[in-house]
Amino acid sequence: MIIPFDKSKYDYSTEEILENITGSRLLSAEIEFNRSCNYLCPYCYAAGNSDHAQLDPAVATDAIRQVHALGAKKIVVLGGEPLLCKQLKANIELITGELGMGAEIFTNGALINEDWAKFFFEHGCRVVVKLNSLRPEVQERLTGVPNALDKAFHAIRV
């Protein structure tokens, strides 16, 4: 089953924002399922973190359900690198499938391949690929990874 991309889950009108403020409701929430990262960005707390600790799946599920109960239309998935989270697909399926919310994934793009792209498409996700610079040498310096710009462009193209 393909869940079509629904722009209304990701972008909000002024009226929606004001309505949620006065009703003490959420429009969105951010969650980190893991803090591991395959990049070495000097400005980031997760730089090169190979600690594969992940948010307990039961805690993640409970947090997602609480966000939904508070009226959120989307969950922004951050990291570390979200694609290193072993439960990412199950979490996205809960968010977009069962609960009908949007999932916005912030990634460095290095791990996106055709399978991930297909999965994100089929679940109506918005994927944001981080770019520090369009100059290869600057992108490499700010990520600590060779060919980081090529990897980001590959993720965008796939």
# chains A, B, ... in the order shown; residues from 1 in each chain; ligands from 1

call {"tool": "select_by_dssp", "arguments": {"residues": "range 11-149 of chain A", "states": "alpha helix (DSSP H)", "output": "MDAnalysis selection string"}}
result
chainID A and resid 14:22 57:69 88:92 114:122 136:143 148:149

call {"tool": "residues_around", "arguments": {"residues": "Cys37 in chain A", "least_positions_apart": "4", "cutoff": "6 Å", "atoms": "only C-alpha atoms", "output": "PyMOL selection string"}}
result
chain A and resi 46+48-49+80-81

call {"tool": "write_last_selection", "arguments": {"atoms": "all heavy atoms", "output": "mmCIF file, in the first residue's frame"}}
result
data_model
loop_
_atom_site.group_PDB
_atom_site.id
_atom_site.type_symbol
_atom_site.label_atom_id
_atom_site.label_comp_id
_atom_site.auth_asym_id
_atom_site.auth_seq_id
_atom_site.Cartn_x
_atom_site.Cartn_y
_atom_site.Cartn_z
ATOM 1 N N ALA A 46 26.868 14.554 17.601
ATOM 2 C CA ALA A 46 26.849 13.150 17.197
ATOM 3 C C ALA A 46 28.026 12.777 16.296
ATOM 4 O O ALA A 46 28.115 11.643 15.857
ATOM 5 C CB ALA A 46 25.542 12.847 16.479
ATOM 6 N N GLY A 48 30.640 11.273 14.422
ATOM 7 C CA GLY A 48 31.364 10.017 14.506
ATOM 8 C C GLY A 48 30.942 9.129 15.650
ATOM 9 O O GLY A 48 31.621 8.154 15.963
ATOM 10 N N ASN A 49 29.810 9.423 16.263
ATOM 11 C CA ASN A 49 29.350 8.634 17.406
ATOM 12 C C ASN A 49 28.996 7.232 16.928
ATOM 13 O O ASN A 49 28.052 7.037 16.173
ATOM 14 C CB ASN A 49 28.142 9.303 18.056
ATOM 15 C CG ASN A 49 27.700 8.608 19.314
ATOM 16 O OD1 ASN A 49 28.197 7.551 19.668
ATOM 17 N ND2 ASN A 49 26.751 9.205 19.991
ATOM 18 N N GLY A 80 21.872 12.164 15.415
ATOM 19 C CA GLY A 80 22.645 11.229 14.626
ATOM 20 C C GLY A 80 22.096 11.126 13.203
ATOM 21 O O GLY A 80 21.508 12.034 12.642
ATOM 22 N N GLU A 81 22.371 9.983 12.645
ATOM 23 C CA GLU A 81 21.878 9.652 11.299
ATOM 24 C C GLU A 81 20.708 8.690 11.464
ATOM 25 O O GLU A 81 20.906 7.541 11.869
ATOM 26 C CB GLU A 81 22.992 9.038 10.456
ATOM 27 C CG GLU A 81 22.554 8.467 9.133
ATOM 28 C CD GLU A 81 21.747 9.436 8.282
ATOM 29 O OE1 GLU A 81 22.167 10.598 8.111
ATOM 30 O OE2 GLU A 81 20.674 9.031 7.801
#

call {"tool": "residues_around", "arguments": {"residues": "Glu140 in chain A", "least_positions_apart": "6", "cutoff": "10 Å", "atoms": "only C-alpha atoms", "output": "ChimeraX atom specification"}}
result
/A:39-41,132-133,146-150

call {"tool": "write_last_selection", "arguments": {"atoms": "C-alpha atoms", "output": "compact mmCIF listing (two decimals), in the first residue's frame"}}
result
# COMPACT_ATOMS: atom_id res chain seq x y z
CA TYR A 39 29.74 11.55 9.56
CA LEU A 40 32.27 13.60 11.50
CA CYS A 41 30.76 17.09 11.37
CA ASN A 132 26.56 22.45 4.09
CA SER A 133 27.96 23.71 0.81
CA PRO A 146 35.33 12.16 1.41
CA ASN A 147 32.90 12.67 -1.49
CA ALA A 148 30.16 13.88 0.85
CA LEU A 149 28.72 16.21 -1.79
CA ASP A 150 28.50 13.37 -4.32

call {"tool": "residues_around", "arguments": {"residues": "range 82-89 of chain A", "least_positions_apart": "5", "cutoff": "12 Å", "atoms": "only C-alpha atoms", "output": "compact mmCIF listing (two decimals) with N, CA, C and O atoms, in the first residue's frame"}}
result
# COMPACT_ATOMS: atom_id res chain seq x y z
N ILE A 31 11.91 13.96 17.07
CA ILE A 31 12.35 12.81 17.86
C ILE A 31 13.67 12.28 17.31
O ILE A 31 13.91 12.31 16.10
N GLU A 32 14.53 11.86 18.21
CA GLU A 32 15.78 11.19 17.85
C GLU A 32 15.67 9.75 18.30
O GLU A 32 15.58 9.47 19.50
N PHE A 33 15.66 8.82 17.37
CA PHE A 33 15.61 7.41 17.71
C PHE A 33 16.99 6.88 18.06
O PHE A 33 17.12 5.84 18.68
N ASN A 34 18.03 7.59 17.62
CA ASN A 34 19.40 7.19 17.88
C ASN A 34 20.31 8.41 17.76
O ASN A 34 19.92 9.43 17.22
N ARG A 35 21.53 8.28 18.29
CA ARG A 35 22.50 9.37 18.18
C ARG A 35 23.75 8.94 17.42
O ARG A 35 24.72 9.68 17.37
N SER A 36 23.73 7.77 16.84
CA SER A 36 24.87 7.30 16.06
C SER A 36 24.93 8.07 14.75
O SER A 36 23.90 8.42 14.18
N CYS A 37 26.16 8.30 14.27
CA CYS A 37 26.31 8.98 13.00
C CYS A 37 27.55 8.47 12.27
O CYS A 37 28.56 8.17 12.87
N ASN A 38 27.42 8.41 10.96
CA ASN A 38 28.51 7.97 10.10
C ASN A 38 29.33 9.15 9.57
O ASN A 38 30.26 8.95 8.81
N TYR A 39 28.98 10.37 9.97
CA TYR A 39 29.74 11.55 9.56
C TYR A 39 30.48 12.13 10.76
O TYR A 39 30.19 11.79 11.91
N ALA A 46 26.87 14.55 17.60
CA ALA A 46 26.85 13.15 17.20
C ALA A 46 28.03 12.78 16.30
O ALA A 46 28.11 11.64 15.86
N ASN A 49 29.81 9.42 16.26
CA ASN A 49 29.35 8.63 17.41
C ASN A 49 29.00 7.23 16.93
O ASN A 49 28.05 7.04 16.17
N SER A 50 29.76 6.27 17.37
CA SER A 50 29.48 4.89 16.99
C SER A 50 28.76 4.14 18.11
O SER A 50 28.62 2.93 18.06
N ASP A 51 28.32 4.89 19.12
CA ASP A 51 27.52 4.30 20.18
C ASP A 51 26.18 3.90 19.56
O ASP A 51 25.40 4.74 19.17
N HIS A 52 25.97 2.63 19.43
CA HIS A 52 24.78 2.16 18.73
C HIS A 52 23.55 2.08 19.62
O HIS A 52 22.58 1.40 19.30
N ALA A 53 23.60 2.80 20.74
CA ALA A 53 22.44 2.85 21.62
C ALA A 53 21.28 3.52 20.87
O ALA A 53 21.47 4.50 20.18
N GLN A 54 20.13 2.94 21.03
CA GLN A 54 18.94 3.46 20.37
C GLN A 54 17.84 3.62 21.41
O GLN A 54 17.85 2.94 22.44
N LEU A 55 16.94 4.49 21.11
CA LEU A 55 15.80 4.67 21.99
C LEU A 55 15.05 3.34 22.09
O LEU A 55 14.81 2.68 21.08
N ASP A 56 14.74 2.95 23.30
CA ASP A 56 14.02 1.69 23.51
C ASP A 56 12.77 1.70 22.63
O ASP A 56 12.01 2.68 22.64
N PRO A 57 12.54 0.63 21.85
CA PRO A 57 11.38 0.61 20.95
C PRO A 57 10.05 0.89 21.64
O PRO A 57 9.19 1.58 21.07
N ALA A 58 9.87 0.41 22.85
CA ALA A 58 8.61 0.67 23.57
C ALA A 58 8.48 2.14 23.93
O ALA A 58 7.39 2.72 23.85
N VAL A 59 9.60 2.77 24.30
CA VAL A 59 9.59 4.20 24.61
C VAL A 59 9.31 5.00 23.35
O VAL A 59 8.52 5.96 23.37
N ALA A 60 9.94 4.61 22.24
CA ALA A 60 9.71 5.30 20.96
C ALA A 60 8.24 5.21 20.56
O ALA A 60 7.63 6.22 20.19
N THR A 61 7.68 4.02 20.65
CA THR A 61 6.27 3.83 20.29
C THR A 61 5.36 4.67 21.18
O THR A 61 4.43 5.33 20.69
N VAL A 76 9.17 14.95 13.02
CA VAL A 76 10.45 15.19 12.37
C VAL A 76 11.46 14.24 13.00
O VAL A 76 11.66 14.25 14.21
N VAL A 77 12.07 13.40 12.18
CA VAL A 77 13.00 12.39 12.66
C VAL A 77 14.43 12.90 12.44
O VAL A 77 14.84 13.16 11.32
N LEU A 94 4.53 3.07 11.78
CA LEU A 94 3.58 3.48 12.82
C LEU A 94 3.12 4.92 12.58
O LEU A 94 1.92 5.21 12.60
N ILE A 95 4.08 5.79 12.33
CA ILE A 95 3.78 7.22 12.15
C ILE A 95 2.87 7.44 10.95
O ILE A 95 1.81 8.07 11.06
N THR A 96 3.27 6.93 9.78
CA THR A 96 2.54 7.25 8.54
C THR A 96 1.40 6.31 8.25
O THR A 96 0.40 6.73 7.68
N GLY A 97 1.55 5.06 8.64
CA GLY A 97 0.52 4.07 8.34
C GLY A 97 -0.58 4.06 9.38
O GLY A 97 -1.67 4.59 9.16
N ALA A 103 5.92 11.94 8.22
CA ALA A 103 7.26 11.71 8.77
C ALA A 103 8.25 12.47 7.90
O ALA A 103 8.29 12.29 6.69
N GLU A 104 9.01 13.34 8.55
CA GLU A 104 10.01 14.16 7.85
C GLU A 104 11.38 13.71 8.37
O GLU A 104 11.65 13.83 9.56
N ILE A 105 12.21 13.19 7.48
CA ILE A 105 13.48 12.60 7.86
C ILE A 105 14.62 13.53 7.49
O ILE A 105 14.78 13.89 6.33
N PHE A 106 15.44 13.92 8.49
CA PHE A 106 16.64 14.71 8.23
C PHE A 106 17.83 13.76 8.19
O PHE A 106 18.09 13.07 9.18
N THR A 107 18.54 13.71 7.06
CA THR A 107 19.61 12.76 6.85
C THR A 107 20.78 13.40 6.13
O THR A 107 20.61 14.39 5.43
N ASN A 108 21.97 12.81 6.30
CA ASN A 108 23.11 13.29 5.51
C ASN A 108 23.07 12.68 4.11
O ASN A 108 23.83 13.08 3.24
N GLY A 109 22.22 11.70 3.90
CA GLY A 109 22.01 11.12 2.58
C GLY A 109 22.94 9.99 2.19
O GLY A 109 22.70 9.31 1.21
N ALA A 110 24.01 9.79 2.93
CA ALA A 110 25.02 8.81 2.54
C ALA A 110 24.49 7.39 2.45
O ALA A 110 25.00 6.58 1.69
N LEU A 111 23.46 7.07 3.22
CA LEU A 111 22.96 5.70 3.26
C LEU A 111 21.70 5.49 2.41
O LEU A 111 21.17 4.38 2.35
N ILE A 112 21.24 6.54 1.77
CA ILE A 112 20.04 6.40 0.96
C ILE A 112 20.38 5.67 -0.34
O ILE A 112 21.26 6.08 -1.08
N ASN A 113 19.66 4.59 -0.55
CA ASN A 113 19.78 3.82 -1.79
C ASN A 113 18.38 3.66 -2.37
O ASN A 113 17.42 4.25 -1.86
N ASP A 115 16.32 1.19 -2.22
CA ASP A 115 15.38 0.59 -1.27
C ASP A 115 14.84 1.62 -0.27
O ASP A 115 13.64 1.66 0.00
N TRP A 116 15.75 2.44 0.29
CA TRP A 116 15.30 3.48 1.22
C TRP A 116 14.42 4.49 0.50
O TRP A 116 13.38 4.91 1.02
N ALA A 117 14.83 4.91 -0.70
CA ALA A 117 14.04 5.90 -1.45
C ALA A 117 12.64 5.36 -1.72
O ALA A 117 11.64 6.08 -1.55
N LYS A 118 12.56 4.10 -2.10
CA LYS A 118 11.25 3.48 -2.35
C LYS A 118 10.42 3.44 -1.07
O LYS A 118 9.23 3.75 -1.08
N PHE A 119 11.06 3.04 0.02
CA PHE A 119 10.35 2.98 1.31
C PHE A 119 9.79 4.36 1.69
O PHE A 119 8.62 4.48 2.06
N PHE A 120 10.63 5.38 1.61
CA PHE A 120 10.19 6.73 1.96
C PHE A 120 9.05 7.20 1.04
O PHE A 120 8.08 7.80 1.49
N GLU A 122 6.91 5.27 -0.62
CA GLU A 122 5.71 4.48 -0.34
C GLU A 122 5.02 4.88 0.96
O GLU A 122 3.84 4.59 1.16
N HIS A 123 5.76 5.56 1.85
CA HIS A 123 5.18 5.98 3.12
C HIS A 123 4.92 7.49 3.18
O HIS A 123 4.64 8.03 4.25
N CYS A 125 6.78 10.07 2.97
CA CYS A 125 7.71 10.84 3.79
C CYS A 125 8.29 12.03 3.04
O CYS A 125 8.41 12.01 1.82
N VAL A 127 11.83 13.86 2.82
CA VAL A 127 13.22 13.60 3.16
C VAL A 127 14.02 14.87 2.92
O VAL A 127 13.95 15.47 1.84
N VAL A 128 14.77 15.28 3.94
CA VAL A 128 15.60 16.48 3.86
C VAL A 128 17.05 16.02 3.93
O VAL A 128 17.48 15.41 4.90
N VAL A 129 17.79 16.28 2.85
CA VAL A 129 19.21 15.91 2.79
C VAL A 129 20.04 17.13 3.15
O VAL A 129 19.92 18.19 2.53

call {"tool": "residues_around", "arguments": {"residues": "range 24-28 of chain A", "least_positions_apart": "6", "cutoff": "6 Å", "atoms": "only C-alpha atoms", "output": "ChimeraX atom specification"}}
result
/A:70-75

call {"tool": "select_by_dssp", "arguments": {"residues": "chain A", "states": "strand (DSSP E)", "output": "list in words"}}
result
Ser28, Ala29, Glu30, Ile31, Glu32, Lys74, Ile75, Val76, Val77, Leu78, Gly102, Ala103, Glu104, Ile105, Phe106, Thr107, Arg126, Val127, Val128 and Val129 of chain A

call {"tool": "write_last_selection", "arguments": {"atoms": "N, CA and C atoms", "output": "mmCIF file, in the first residue's frame"}}
result
data_model
loop_
_atom_site.group_PDB
_atom_site.id
_atom_site.type_symbol
_atom_site.label_atom_id
_atom_site.label_comp_id
_atom_site.auth_asym_id
_atom_site.auth_seq_id
_atom_site.Cartn_x
_atom_site.Cartn_y
_atom_site.Cartn_z
ATOM 1 N N SER A 28 3.592 19.569 15.328
ATOM 2 C CA SER A 28 4.637 18.602 15.024
ATOM 3 C C SER A 28 5.518 18.403 16.249
ATOM 4 N N ALA A 29 6.365 17.397 16.166
ATOM 5 C CA ALA A 29 7.343 17.135 17.218
ATOM 6 C C ALA A 29 8.582 16.562 16.556
ATOM 7 N N GLU A 30 9.706 16.718 17.227
ATOM 8 C CA GLU A 30 10.962 16.151 16.753
ATOM 9 C C GLU A 30 11.343 14.999 17.662
ATOM 10 N N ILE A 31 11.915 13.960 17.071
ATOM 11 C CA ILE A 31 12.348 12.813 17.857
ATOM 12 C C ILE A 31 13.668 12.281 17.312
ATOM 13 N N GLU A 32 14.529 11.855 18.212
ATOM 14 C CA GLU A 32 15.784 11.193 17.854
ATOM 15 C C GLU A 32 15.672 9.746 18.305
ATOM 16 N N LYS A 74 2.725 15.778 12.099
ATOM 17 C CA LYS A 74 3.958 15.164 11.610
ATOM 18 C C LYS A 74 4.950 14.995 12.742
ATOM 19 N N ILE A 75 5.888 14.095 12.503
ATOM 20 C CA ILE A 75 7.038 13.915 13.380
ATOM 21 C C ILE A 75 8.285 14.103 12.537
ATOM 22 N N VAL A 76 9.174 14.952 13.023
ATOM 23 C CA VAL A 76 10.452 15.194 12.368
ATOM 24 C C VAL A 76 11.456 14.236 13.002
ATOM 25 N N VAL A 77 12.071 13.399 12.179
ATOM 26 C CA VAL A 77 13.004 12.391 12.663
ATOM 27 C C VAL A 77 14.428 12.903 12.444
ATOM 28 N N LEU A 78 15.130 13.057 13.572
ATOM 29 C CA LEU A 78 16.491 13.567 13.560
ATOM 30 C C LEU A 78 17.438 12.495 14.091
ATOM 31 N N GLY A 102 2.514 12.601 9.128
ATOM 32 C CA GLY A 102 3.641 12.720 8.222
ATOM 33 C C GLY A 102 4.938 12.419 8.955
ATOM 34 N N ALA A 103 5.917 11.945 8.217
ATOM 35 C CA ALA A 103 7.256 11.711 8.766
ATOM 36 C C ALA A 103 8.249 12.473 7.899
ATOM 37 N N GLU A 104 9.006 13.343 8.545
ATOM 38 C CA GLU A 104 10.012 14.161 7.848
ATOM 39 C C GLU A 104 11.380 13.712 8.366
ATOM 40 N N ILE A 105 12.211 13.191 7.483
ATOM 41 C CA ILE A 105 13.482 12.596 7.862
ATOM 42 C C ILE A 105 14.618 13.531 7.492
ATOM 43 N N PHE A 106 15.442 13.918 8.485
ATOM 44 C CA PHE A 106 16.640 14.713 8.228
ATOM 45 C C PHE A 106 17.826 13.761 8.190
ATOM 46 N N THR A 107 18.540 13.712 7.061
ATOM 47 C CA THR A 107 19.611 12.755 6.851
ATOM 48 C C THR A 107 20.784 13.405 6.129
ATOM 49 N N ARG A 126 8.666 13.017 3.795
ATOM 50 C CA ARG A 126 9.470 14.131 3.271
ATOM 51 C C ARG A 126 10.890 13.865 3.760
ATOM 52 N N VAL A 127 11.830 13.858 2.820
ATOM 53 C CA VAL A 127 13.224 13.596 3.157
ATOM 54 C C VAL A 127 14.023 14.871 2.915
ATOM 55 N N VAL A 128 14.768 15.280 3.942
ATOM 56 C CA VAL A 128 15.595 16.475 3.864
ATOM 57 C C VAL A 128 17.052 16.021 3.925
ATOM 58 N N VAL A 129 17.795 16.284 2.847
ATOM 59 C CA VAL A 129 19.207 15.912 2.789
ATOM 60 C C VAL A 129 20.035 17.130 3.151
#
